[in-house]
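Colleague: Below are the structure tokens for one structure; questions will follow.
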Amino acid sequence: MSPKNDDELSSSDASGSEQSDDESSVSSSSSEIPMKDEDASDHQESDEQMKEDGNDNDNDSSDSSDDDEDDSEDEVMNNASAHQPAISKSWTALTTHSPCYTGGTVAFSHENNLSSRDEEPSQPFILAQRGGDVSIIEAATGLLLRTVRKGAAFEGGFALDENENVDEDDAEEEMLDAEAITAFALSPNNREMIAVTRSHLVRKYNLAAPADDGGYDETEKKQGKKNASEAAAEKPKPQNVTSIKDPAKIAFSFGKSGHKLPVTKVAFHPSGIFFATGSVDGLVKIWDTRNGYATHALHPTSDASGGGRGTYAVSCIQWRQSSASLILAIGREDGSISIHDLLLNAQDTKTASMPVTVLRDHISAVTCVAWLSEGSGGGGSTTSTGSRKHGSGVFFSSGRDSVINSWLISEQEVVDTNGPKSKKRRKSKDDDGTKRATSVKVMYQRIRTLPIYEQVESMLLLPRRFRQSLETGSGNQVLNKKDVVLATCGTKGVVRLWKAAIGDKEAGIQNVVSDLSPLASQSERDAFGEDHGGYTSLHLTSGDNSILAIDAEQNMAFLQLDWTNADKTELGLVSNRAIVGHNGEILDLSVIPGDKEQTVAVATNSSQVRIFGVTDKFESDEHAHTALSPRGILDGHTAIVLSLDASPCGRYLATAGKDKMMRIWNVPTRTCVALATGHTEAVGSVALSNKIGCYDVGGKSAENGAGAFAVTVSKDRTLKMWPLPGSAVLNRSEEEITLQARLSIRAHEKDINIVSVAPNDSLIATGSQDKTVKLWRSSDLALHGTLKGHKRGVWDCQFSQHDRVLATGSGDRTVKLWSIADCSCVRTFQGHMSSVLRVRFLGTGLQLLSSGSDGLIKLWTIRTNECESTIDAHDDKIWALDLSQAGTLFSGGADSKIAVWRDTTKEKDDEKREAEEQNILMEQTLSNHLRHKRYEQALELALELDKPHQVLKVLNDILEKDIASNRGIETLQKHAAKWTLDRLVQILKYCREWNTRARNSHIAMLVVKAVVTTIPAAKLATYQGVPEILAGIAPYAERHFDRLDGMVGNSYLMDYTLFSMGSIHGESKEGYDEWIASRKYLPPKVVEGRIQIGGSLVVEGKKGRTNDDSDSDSDVITIGESDTESDSE
């Protein structure tokens, strides 16, 4: 059996890499893979015939003339290469199904009515908690696009960071724990998100802007813009939330929340200006997003019964859906509901934060509240005293006490008989002093109570747009336009709709709203069920008028209200698609062959088997992200499913698990058609026969072994064979058929991990923890041979579809290839750093794929014994690996991720060939530009080709040309003005390298001068990477300046020496005048008995000196200051 125990996997040591004695010396003749015998396919015979034809062509070409010999050999080589199958070397991830929701808050994007006009309409998306982060999920496909804090690198990337160490990882984990998001809310414009971390920090994220965006705008804002329209024009337009791959930008930080305990609820006001945060300590704070501070602190109010600590924890927060009012309902764990109206009597600071009423009719935690309609009662009018009206209507509340309460909202003005003691109150002429201030008293009166008989976790008031298609024709008999529709879900795992009729208030408060009656519900098949934990929340979607239901296993189901019969008299909630938020550990998967659409069955760490559909439209990136989506669930096992296998016809699927049973499923109908019991321990592996025609064989022939069969291995160390009754019986059976084992044998001395069936159903291979693989004849389960050589337990074994060989993967970190004829090892592949868990042959049979507990997939070429490629696919053990008929690779691991891969060797080769051709063409164009002295075009082309040496050469030519025409660095400045940021960083990096050598420093400094004199320094400072590059250039620039300064000073000494040598000859100046005319510096002059060199250096000469002065200080020759210092003076 495959226990999938970490202790067994970790037992792999260095001894596993040693080869056995029978394979240590393999000759070249024995290393050839044996071919199939007389049962070989026609395809193999055609390959041999092509090889013989190639040999005949070689013989014919040897008899040709010497003139045509080379051409004939080239033609033969081309023909041989055309017949040879291509070797796969590169695989690319087509799509990945990663965990996108691990439990907690979920938010669906709102209707895009408040978005900016300049912003492109974004696709509907879902925000869901993913550990300590928030994931952004595309609603249409269920694809995890990115996370708020990590962006598209939420998996840590496919590449390993060699610089990472354990200490850095631990420090990062501690930081992530402190920054973990405990609650969040999405703004009404779908572009901003408020998040509260574990450390009580309140932050506002801009989902439509990357994390590194906005630095240049902030710098210019500090400097000031001359033209406001110019600033608006340069401001980047809002991006699409679903198109950004970077982490979200932190737009503002509010600081500490002020709550003593973790914040669990956040809710946005419909205007998007205010939001509320609720904590376990019962405190609710109101925040202003414009000014960045808290405006109100709403504390829980105690009743006469009191209560201990924690009874006031906030369980729900809901704003009334009206932008003109600030009405907030707060539900708590003690069953109370506090109604706050922040605008009612807002002038009185003492009562502004007090609830207008507290409802205490629930006896358990309040989970959801809702007002009848958006903006009903308005609340926008004012009284004569300036206080605002609360409004009227109907209010609904639900809780874990299994009831829904309906409340009638009313208000009345209350006159304060004592009157306010205010000195500033004015009196009119008609005021007799008896006028008193009035206030508004709000009353919520319970009028209906509906028992639901389940703990209500979520309740929605459906708007009219969700039922527009039903309010036609006979639909009016079931649902009227004025009816109120509520959706509820809870612990029973069924989403139900309730309706209530709106009556006349004048007829009595009991007639305002009728009793809630059932309207529609999920079918038993579509419902999630009570056994799995029920539903946790409901959400309104935008666009397709669906209800998003979240269950306890982190699945998201899209439900639509539709007719369930042709007469359109009954309504039901139909599930049209689903998003799997978290799969758990992937234990096994199997591709189900199909003509139209590929499907893959996945065994997760549960009793259910999930079916995913794969779209074959892989020719463009547009369809790549829609490749994997849920198609259904097979529910029948009572314990974790460990293994599964699909029939080659695609009609049946065999599953086995820890419940000691094997089940056969009809894939099209998603029903269990057969059941096999008999093992005394958990069934670790199952396999079906590979001959398609055998599945149609039934009757006595099937019972005697002529038809299809299934084989199972178990922890009880037995191998059992189960004959299948045939497709006629399996397709007609309405009840589960009990299968009987035809053969059973004790196969190994330890747990059996894997069982596999040969392509022609003649042999069965089993791999065990006893380090051996045994081959059994399928006719009678007689032992054909034992394969010995592994140092650890064998985790997988697979037959080749083309040759009589068997591949095995073991805990000794090796993959071995065995000959079936003589049971000898012909190849050993070493390279994995830990146990090899799965092995598969590629379609051509010339290569192997292996996966291990190191999270790597390796591609091996059998003939060369080399690893062609290593794919960093997962972050944990890869338990599942399978190939489809179309060549698509599926992998699943303990990291809950399912990856789909495809062979991109041909595309990579084509891209490489095209790049080489393009490179040759561009190099030739560059040479042409240099030959014709078109240096400007040559410079841009050399930069595009990324050739620093050619760029240096072109810059030298440009500078020589400009110096000759007295243009300075004008040409370089023109180029610098046109360079993009990437090009600017590229050329500055070149300058940093050139500046390390003295011979190239002059060019580097001139280029830097052209850049800094063309682009403002403030703008350069905002470019990412530019300040660091310039900081690397500065030290070498200072060194070169000191060197040149010293050389100039030394040149003055040389001038003095040469002048003195000229004065020795007396009045003879033969050749001296020519030297003076040819030098670039000013000629030495005699000024007042001293020699002036270079126009700034004066040294005393010999002229006019006497013998008495021979011992004076003037004998000391002093070199003056340098050119630079004299210029500064």
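Every chain in the structure tokens has a letter given in the order shown (A, B, ...), and although residue numbers restart at 1 in each chain, ligands are simply numbered from 1 in the order shown.
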Pick out the residues sitting within 10 Å of Leu775 (chain A), and hand them over as a PyMOL selection string; count only C-alpha atoms, and ignore anything fewer than 6 positions along from it in its own chain.

Modeller: chain A and resi 747+755-758+763-767+781-787+806+820+823

Colleague: Generate a file of the selected residues that holds C-alpha atoms, formatted as a PDB file, in the first residue's frame.

Modeller:
ATOM      1  CA  ALA A 747       2.469 -10.887  -3.088  1.00  0.00           C
ATOM      2  CA  VAL A 755       0.312  -2.002  -8.962  1.00  0.00           C
ATOM      3  CA  SER A 756       0.517  -1.632 -12.740  1.00  0.00           C
ATOM      4  CA  VAL A 757      -0.850  -3.549 -15.739  1.00  0.00           C
ATOM      5  CA  ALA A 758       1.079  -4.142 -18.977  1.00  0.00           C
ATOM      6  CA  LEU A 763       1.642  -9.020 -16.947  1.00  0.00           C
ATOM      7  CA  ILE A 764       0.986  -7.258 -13.655  1.00  0.00           C
ATOM      8  CA  ALA A 765       3.754  -5.506 -11.726  1.00  0.00           C
ATOM      9  CA  THR A 766       3.699  -4.757  -7.997  1.00  0.00           C
ATOM     10  CA  GLY A 767       6.164  -2.624  -6.035  1.00  0.00           C
ATOM     11  CA  LEU A 781      -1.167 -14.649 -11.008  1.00  0.00           C
ATOM     12  CA  ALA A 782       1.868 -16.894 -11.295  1.00  0.00           C
ATOM     13  CA  LEU A 783       5.203 -15.245 -10.570  1.00  0.00           C
ATOM     14  CA  HIS A 784       7.029 -14.281 -13.760  1.00  0.00           C
ATOM     15  CA  GLY A 785      10.106 -12.768 -12.119  1.00  0.00           C
ATOM     16  CA  THR A 786      11.453 -10.584  -9.325  1.00  0.00           C
ATOM     17  CA  LEU A 787      13.357  -7.356  -9.919  1.00  0.00           C
ATOM     18  CA  LEU A 806       9.658  -1.529 -16.931  1.00  0.00           C
ATOM     19  CA  ILE A 820      11.128  -7.848 -18.797  1.00  0.00           C
ATOM     20  CA  CYS A 823      14.501  -9.244 -15.265  1.00  0.00           C
TER      21      CYS A 823
END

Colleague: I need the residues of region 588-749 of chain A that end up classed as strand (DSSP E) by DSSP on the backbone, written out as a PyMOL selection string.

Modeller: chain A and resi 588-592+598-603+608-614+628-635+641-646+652-657+661-666+671-677+683-688+709-714+718-723+737-739+743-746

Colleague: Could you pull the residues within 7 Å of Lys750 (chain A), counting only C-alpha atoms, minus those fewer than 5 positions along the same chain, as a list in words?

Modeller: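 Contacts, in chain order: Arg717, Ser768, Gln769 and Asp770 of chain A.
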
Colleague: Store the residues picked out above, limited to N, CA and C atoms, as an mmCIF file, in the first residue's frame.

Modeller:
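The resulting file, selection_32.cif, is shown below:
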data_model
loop_
_atom_site.group_PDB
_atom_site.id
_atom_site.type_symbol
_atom_site.label_atom_id
_atom_site.label_comp_id
_atom_site.auth_asym_id
_atom_site.auth_seq_id
_atom_site.Cartn_x
_atom_site.Cartn_y
_atom_site.Cartn_z
ATOM 1 N N ARG A 717 -0.838 -6.802 2.179
ATOM 2 C CA ARG A 717 0.204 -7.471 1.391
ATOM 3 C C ARG A 717 -0.353 -8.460 0.381
ATOM 4 N N SER A 768 6.841 -2.820 -3.731
ATOM 5 C CA SER A 768 6.585 -2.921 -2.304
ATOM 6 C C SER A 768 7.686 -2.230 -1.505
ATOM 7 N N GLN A 769 7.421 -2.080 -0.217
ATOM 8 C CA GLN A 769 8.408 -1.560 0.705
ATOM 9 C C GLN A 769 9.529 -2.555 0.986
ATOM 10 N N ASP A 770 9.423 -3.784 0.496
ATOM 11 C CA ASP A 770 10.488 -4.769 0.675
ATOM 12 C C ASP A 770 11.590 -4.621 -0.369
#

Colleague: Name all residues at most 9 Å from region 133-148 of chain A (count only C-alpha atoms; drop same-chain ones fewer than 6 positions away) and give them as number ranges by chain.

Modeller: A: 95-101, 108, 123-127, 154, 176, 179-182, 184, 205, 207, 241-249, 578-581, 625-629

Colleague: Generate the output file for the selected residues, N, CA, C and O atoms, as a short mmCIF file (atom, residue, chain, number, x, y, z; two decimals), in the first residue's frame.

Modeller:
data_model
loop_
_atom_site.label_atom_id
_atom_site.label_comp_id
_atom_site.auth_asym_id
_atom_site.auth_seq_id
_atom_site.Cartn_x
_atom_site.Cartn_y
_atom_site.Cartn_z
N THR A 95 -1.18 25.87 -17.16
CA THR A 95 -2.05 26.47 -16.15
C THR A 95 -1.80 25.78 -14.83
O THR A 95 -1.27 24.67 -14.79
N THR A 96 -2.14 26.45 -13.78
CA THR A 96 -1.91 25.92 -12.43
C THR A 96 -3.14 26.18 -11.58
O THR A 96 -3.65 27.30 -11.54
N HIS A 97 -3.62 25.14 -10.94
CA HIS A 97 -4.72 25.28 -10.00
C HIS A 97 -4.13 25.28 -8.60
O HIS A 97 -3.80 24.23 -8.05
N SER A 98 -3.96 26.48 -8.04
CA SER A 98 -3.35 26.63 -6.73
C SER A 98 -4.41 26.94 -5.69
O SER A 98 -5.50 27.43 -6.02
N PRO A 99 -4.13 26.69 -4.44
CA PRO A 99 -5.09 27.06 -3.39
C PRO A 99 -5.32 28.57 -3.39
O PRO A 99 -4.38 29.36 -3.30
N CYS A 100 -6.55 28.96 -3.54
CA CYS A 100 -6.89 30.38 -3.59
C CYS A 100 -7.73 30.83 -2.40
O CYS A 100 -7.93 32.03 -2.21
N TYR A 101 -8.24 29.90 -1.60
CA TYR A 101 -9.08 30.26 -0.47
C TYR A 101 -8.90 29.22 0.61
O TYR A 101 -9.10 28.02 0.37
N PHE A 108 -17.17 39.61 -3.27
CA PHE A 108 -17.33 39.61 -4.73
C PHE A 108 -17.37 41.07 -5.20
O PHE A 108 -17.92 41.94 -4.51
N GLN A 123 -13.04 42.79 -15.37
CA GLN A 123 -13.80 41.56 -15.27
C GLN A 123 -14.18 41.33 -13.80
O GLN A 123 -13.46 41.74 -12.89
N PRO A 124 -15.32 40.68 -13.56
CA PRO A 124 -15.68 40.39 -12.16
C PRO A 124 -14.62 39.54 -11.48
O PRO A 124 -14.05 38.62 -12.09
N PHE A 125 -14.33 39.85 -10.24
CA PHE A 125 -13.31 39.12 -9.51
C PHE A 125 -13.78 38.88 -8.09
O PHE A 125 -14.77 39.46 -7.62
N ILE A 126 -13.06 38.01 -7.41
CA ILE A 126 -13.39 37.61 -6.04
C ILE A 126 -12.16 37.85 -5.18
O ILE A 126 -11.03 37.53 -5.57
N LEU A 127 -12.38 38.43 -4.01
CA LEU A 127 -11.34 38.55 -3.00
C LEU A 127 -11.62 37.50 -1.91
O LEU A 127 -12.73 37.40 -1.41
N PHE A 154 2.86 34.42 -5.55
CA PHE A 154 2.26 33.91 -4.33
C PHE A 154 2.77 32.52 -3.99
O PHE A 154 2.72 32.10 -2.84
N LEU A 176 5.63 37.75 8.32
CA LEU A 176 4.34 37.49 7.68
C LEU A 176 3.27 37.22 8.71
O LEU A 176 2.11 37.58 8.51
N GLU A 179 2.13 40.51 9.92
CA GLU A 179 1.43 41.25 8.89
C GLU A 179 0.24 40.49 8.32
O GLU A 179 -0.35 40.93 7.33
N ALA A 180 -0.09 39.35 8.88
CA ALA A 180 -1.20 38.56 8.37
C ALA A 180 -2.51 39.33 8.46
O ALA A 180 -2.81 39.97 9.47
N ILE A 181 -3.29 39.28 7.39
CA ILE A 181 -4.56 40.01 7.32
C ILE A 181 -5.64 39.17 7.98
O ILE A 181 -5.87 38.02 7.62
N THR A 182 -6.30 39.75 8.96
CA THR A 182 -7.37 39.05 9.68
C THR A 182 -8.76 39.41 9.17
O THR A 182 -9.69 38.63 9.34
N PHE A 184 -10.91 42.11 6.01
CA PHE A 184 -10.80 43.08 4.92
C PHE A 184 -12.18 43.38 4.38
O PHE A 184 -13.17 42.68 4.67
N TYR A 205 -5.38 49.56 0.60
CA TYR A 205 -4.65 49.09 -0.57
C TYR A 205 -5.36 49.58 -1.83
O TYR A 205 -6.60 49.59 -1.90
N LEU A 207 -5.96 48.40 -5.30
CA LEU A 207 -5.87 47.18 -6.10
C LEU A 207 -5.58 47.46 -7.56
O LEU A 207 -5.12 46.58 -8.28
N VAL A 241 -7.89 45.80 -12.42
CA VAL A 241 -7.52 45.03 -11.24
C VAL A 241 -7.09 43.62 -11.62
O VAL A 241 -6.15 43.06 -11.04
N THR A 242 -7.73 43.04 -12.62
CA THR A 242 -7.44 41.66 -13.01
C THR A 242 -6.26 41.53 -13.96
O THR A 242 -5.88 40.41 -14.30
N SER A 243 -5.68 42.63 -14.40
CA SER A 243 -4.56 42.56 -15.35
C SER A 243 -3.21 42.84 -14.70
O SER A 243 -2.18 42.64 -15.33
N ILE A 244 -3.19 43.29 -13.46
CA ILE A 244 -1.94 43.60 -12.77
C ILE A 244 -1.38 42.33 -12.13
O ILE A 244 -2.13 41.52 -11.58
N LYS A 245 -0.07 42.15 -12.24
CA LYS A 245 0.60 40.99 -11.65
C LYS A 245 1.40 41.32 -10.40
O LYS A 245 1.81 40.42 -9.69
N ASP A 246 1.60 42.60 -10.13
CA ASP A 246 2.41 43.01 -8.99
C ASP A 246 1.55 43.07 -7.72
O ASP A 246 0.32 43.10 -7.79
N PRO A 247 2.20 43.12 -6.56
CA PRO A 247 1.42 43.31 -5.32
C PRO A 247 0.68 44.64 -5.33
O PRO A 247 1.07 45.58 -6.02
N ALA A 248 -0.40 44.71 -4.58
CA ALA A 248 -1.19 45.93 -4.52
C ALA A 248 -0.43 47.02 -3.75
O ALA A 248 0.34 46.74 -2.82
N LYS A 249 -0.66 48.25 -4.16
CA LYS A 249 0.02 49.38 -3.55
C LYS A 249 -0.69 49.79 -2.25
O LYS A 249 -1.91 49.86 -2.20
N ALA A 578 -18.42 25.88 -10.48
CA ALA A 578 -17.87 25.97 -9.13
C ALA A 578 -16.39 26.30 -9.21
O ALA A 578 -15.73 26.09 -10.24
N ILE A 579 -15.87 26.84 -8.12
CA ILE A 579 -14.44 27.13 -7.96
C ILE A 579 -13.96 26.38 -6.73
O ILE A 579 -14.53 26.52 -5.64
N VAL A 580 -12.93 25.59 -6.91
CA VAL A 580 -12.35 24.84 -5.79
C VAL A 580 -11.32 25.74 -5.13
O VAL A 580 -10.29 26.08 -5.72
N GLY A 581 -11.60 26.14 -3.90
CA GLY A 581 -10.69 27.04 -3.21
C GLY A 581 -9.46 26.36 -2.66
O GLY A 581 -8.37 26.93 -2.69
N HIS A 625 -5.36 30.29 -19.42
CA HIS A 625 -5.82 30.43 -18.05
C HIS A 625 -7.18 29.81 -17.82
O HIS A 625 -7.60 29.70 -16.68
N THR A 626 -7.89 29.39 -18.87
CA THR A 626 -9.19 28.76 -18.71
C THR A 626 -9.09 27.24 -18.88
O THR A 626 -10.08 26.60 -19.18
N ALA A 627 -7.91 26.67 -18.72
CA ALA A 627 -7.71 25.28 -19.06
C ALA A 627 -8.30 24.33 -18.02
O ALA A 627 -8.74 23.25 -18.37
N LEU A 628 -8.30 24.70 -16.75
CA LEU A 628 -8.67 23.77 -15.69
C LEU A 628 -9.83 24.34 -14.89
O LEU A 628 -9.74 25.42 -14.34
N SER A 629 -10.91 23.59 -14.81
CA SER A 629 -12.09 24.03 -14.06
C SER A 629 -12.84 22.81 -13.55
O SER A 629 -12.82 21.75 -14.18
#

Colleague: Show me, as a PyMOL selection string, the residues that have an atom within 12 Å of Met354 (chain A) when counting only C-alpha atoms, minus same-chain residues fewer than 3 positions from it.

Modeller: chain A and resi 284+296-301+328+338-346+348-351+357-358

Colleague: Write out as an MDAnalysis selection string the residues lying within 9 Å of Thr971 (chain A), counting only C-alpha atoms and excluding same-chain residues fewer than 3 positions away.

Modeller: chainID A and resid 936 958:959 962 967:968 974:976 1010

Colleague: Can you measure CA of Ser643 (chain A) to CA of Asn666 (chain A) for me? One decimal in Å is fine.

Modeller: 16.6 Å

Colleague: Could you find all residues in region 685-714 of chain A that DSSP calls helix (DSSP H, G or I) from the backbone, and write them as a list in words?

Modeller: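 So, restricting region 685-714 of chain A to helix (DSSP H, G or I), we get Ile692, Gly693, Cys694, Tyr695, Asp696, Gly699, Lys700, Ser701, Ala702 and Glu703 of chain A.
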
Colleague: Hey, can you spit out that residue selection with all heavy atoms as a PDB file, in the first residue's frame?

Modeller:
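Output (again20.pdb):
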ATOM      1  N   ILE A 692      -8.879  -1.915 -24.780  1.00  0.00           N
ATOM      2  CA  ILE A 692     -10.182  -1.256 -24.871  1.00  0.00           C
ATOM      3  C   ILE A 692     -11.283  -2.255 -25.167  1.00  0.00           C
ATOM      4  O   ILE A 692     -12.388  -2.190 -24.604  1.00  0.00           O
ATOM      5  CB  ILE A 692     -10.131  -0.154 -25.941  1.00  0.00           C
ATOM      6  CG1 ILE A 692      -9.091   0.901 -25.549  1.00  0.00           C
ATOM      7  CG2 ILE A 692     -11.498   0.500 -26.129  1.00  0.00           C
ATOM      8  CD1 ILE A 692      -8.962   2.021 -26.547  1.00  0.00           C
ATOM      9  N   GLY A 693     -11.028  -3.201 -26.052  1.00  0.00           N
ATOM     10  CA  GLY A 693     -12.074  -4.136 -26.457  1.00  0.00           C
ATOM     11  C   GLY A 693     -12.538  -5.051 -25.360  1.00  0.00           C
ATOM     12  O   GLY A 693     -13.653  -5.586 -25.427  1.00  0.00           O
ATOM     13  N   CYS A 694     -11.730  -5.256 -24.324  1.00  0.00           N
ATOM     14  CA  CYS A 694     -12.115  -6.179 -23.260  1.00  0.00           C
ATOM     15  C   CYS A 694     -13.283  -5.674 -22.432  1.00  0.00           C
ATOM     16  O   CYS A 694     -13.965  -6.465 -21.765  1.00  0.00           O
ATOM     17  CB  CYS A 694     -10.915  -6.437 -22.354  1.00  0.00           C
ATOM     18  SG  CYS A 694      -9.544  -7.307 -23.159  1.00  0.00           S
ATOM     19  N   TYR A 695     -13.533  -4.391 -22.431  1.00  0.00           N
ATOM     20  CA  TYR A 695     -14.603  -3.844 -21.601  1.00  0.00           C
ATOM     21  C   TYR A 695     -15.994  -4.164 -22.144  1.00  0.00           C
ATOM     22  O   TYR A 695     -16.980  -4.007 -21.423  1.00  0.00           O
ATOM     23  CB  TYR A 695     -14.430  -2.331 -21.476  1.00  0.00           C
ATOM     24  CG  TYR A 695     -13.280  -1.941 -20.572  1.00  0.00           C
ATOM     25  CD1 TYR A 695     -11.995  -1.817 -21.081  1.00  0.00           C
ATOM     26  CD2 TYR A 695     -13.471  -1.737 -19.212  1.00  0.00           C
ATOM     27  CE1 TYR A 695     -10.931  -1.480 -20.267  1.00  0.00           C
ATOM     28  CE2 TYR A 695     -12.413  -1.396 -18.386  1.00  0.00           C
ATOM     29  CZ  TYR A 695     -11.141  -1.276 -18.912  1.00  0.00           C
ATOM     30  OH  TYR A 695     -10.084  -0.951 -18.096  1.00  0.00           O
ATOM     31  N   ASP A 696     -16.065  -4.591 -23.379  1.00  0.00           N
ATOM     32  CA  ASP A 696     -17.359  -4.994 -23.950  1.00  0.00           C
ATOM     33  C   ASP A 696     -17.636  -6.475 -23.761  1.00  0.00           C
ATOM     34  O   ASP A 696     -18.715  -6.954 -24.119  1.00  0.00           O
ATOM     35  CB  ASP A 696     -17.393  -4.646 -25.442  1.00  0.00           C
ATOM     36  CG  ASP A 696     -17.303  -3.149 -25.681  1.00  0.00           C
ATOM     37  OD1 ASP A 696     -17.779  -2.392 -24.813  1.00  0.00           O
ATOM     38  OD2 ASP A 696     -16.742  -2.732 -26.715  1.00  0.00           O
ATOM     39  N   GLY A 699     -20.583 -11.791 -19.483  1.00  0.00           N
ATOM     40  CA  GLY A 699     -21.017 -13.159 -19.286  1.00  0.00           C
ATOM     41  C   GLY A 699     -19.931 -14.043 -18.697  1.00  0.00           C
ATOM     42  O   GLY A 699     -19.080 -13.614 -17.920  1.00  0.00           O
ATOM     43  N   LYS A 700     -19.978 -15.342 -19.106  1.00  0.00           N
ATOM     44  CA  LYS A 700     -19.023 -16.318 -18.594  1.00  0.00           C
ATOM     45  C   LYS A 700     -17.594 -15.999 -19.023  1.00  0.00           C
ATOM     46  O   LYS A 700     -16.646 -16.267 -18.292  1.00  0.00           O
ATOM     47  CB  LYS A 700     -19.414 -17.717 -19.100  1.00  0.00           C
ATOM     48  CG  LYS A 700     -20.688 -18.258 -18.489  1.00  0.00           C
ATOM     49  CD  LYS A 700     -20.521 -18.515 -16.991  1.00  0.00           C
ATOM     50  CE  LYS A 700     -21.784 -19.136 -16.400  1.00  0.00           C
ATOM     51  NZ  LYS A 700     -21.628 -19.389 -14.932  1.00  0.00           N
ATOM     52  N   SER A 701     -17.447 -15.445 -20.211  1.00  0.00           N
ATOM     53  CA  SER A 701     -16.102 -15.115 -20.681  1.00  0.00           C
ATOM     54  C   SER A 701     -15.443 -14.091 -19.761  1.00  0.00           C
ATOM     55  O   SER A 701     -14.250 -14.187 -19.447  1.00  0.00           O
ATOM     56  CB  SER A 701     -16.162 -14.554 -22.108  1.00  0.00           C
ATOM     57  OG  SER A 701     -16.704 -15.520 -22.993  1.00  0.00           O
ATOM     58  N   ALA A 702     -16.228 -13.112 -19.322  1.00  0.00           N
ATOM     59  CA  ALA A 702     -15.675 -12.109 -18.416  1.00  0.00           C
ATOM     60  C   ALA A 702     -15.329 -12.725 -17.062  1.00  0.00           C
ATOM     61  O   ALA A 702     -14.301 -12.393 -16.459  1.00  0.00           O
ATOM     62  CB  ALA A 702     -16.659 -10.963 -18.235  1.00  0.00           C
ATOM     63  N   GLU A 703     -16.172 -13.639 -16.598  1.00  0.00           N
ATOM     64  CA  GLU A 703     -15.894 -14.267 -15.310  1.00  0.00           C
ATOM     65  C   GLU A 703     -14.657 -15.140 -15.363  1.00  0.00           C
ATOM     66  O   GLU A 703     -13.937 -15.286 -14.374  1.00  0.00           O
ATOM     67  CB  GLU A 703     -17.108 -15.103 -14.868  1.00  0.00           C
ATOM     68  CG  GLU A 703     -18.350 -14.260 -14.587  1.00  0.00           C
ATOM     69  CD  GLU A 703     -19.544 -15.112 -14.212  1.00  0.00           C
ATOM     70  OE1 GLU A 703     -19.372 -16.369 -14.178  1.00  0.00           O
ATOM     71  OE2 GLU A 703     -20.625 -14.558 -13.951  1.00  0.00           O
TER      72      GLU A 703
END

Colleague: Please provide the set of residues having any atom within 10 Å of region 518-529 of chain A, restricted to only C-alpha atoms, with same-chain residues fewer than 4 positions apart removed, written as a count of residues only.

Modeller: 42

Colleague: Could you tell me how far CA of Asp780 (chain A) sits from CA of Val697 (chain A), in Å to one decimal place?

Modeller: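 Spanning CA of Val697 (chain A) to CA of Asp780 (chain A) is a straight-line distance of 18.9 Å.
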
Colleague: Between CA of Leu461 (chain A) and CA of Gly393 (chain A), measure the distance and give it in Å to one decimal.

Modeller: 13.8 Å
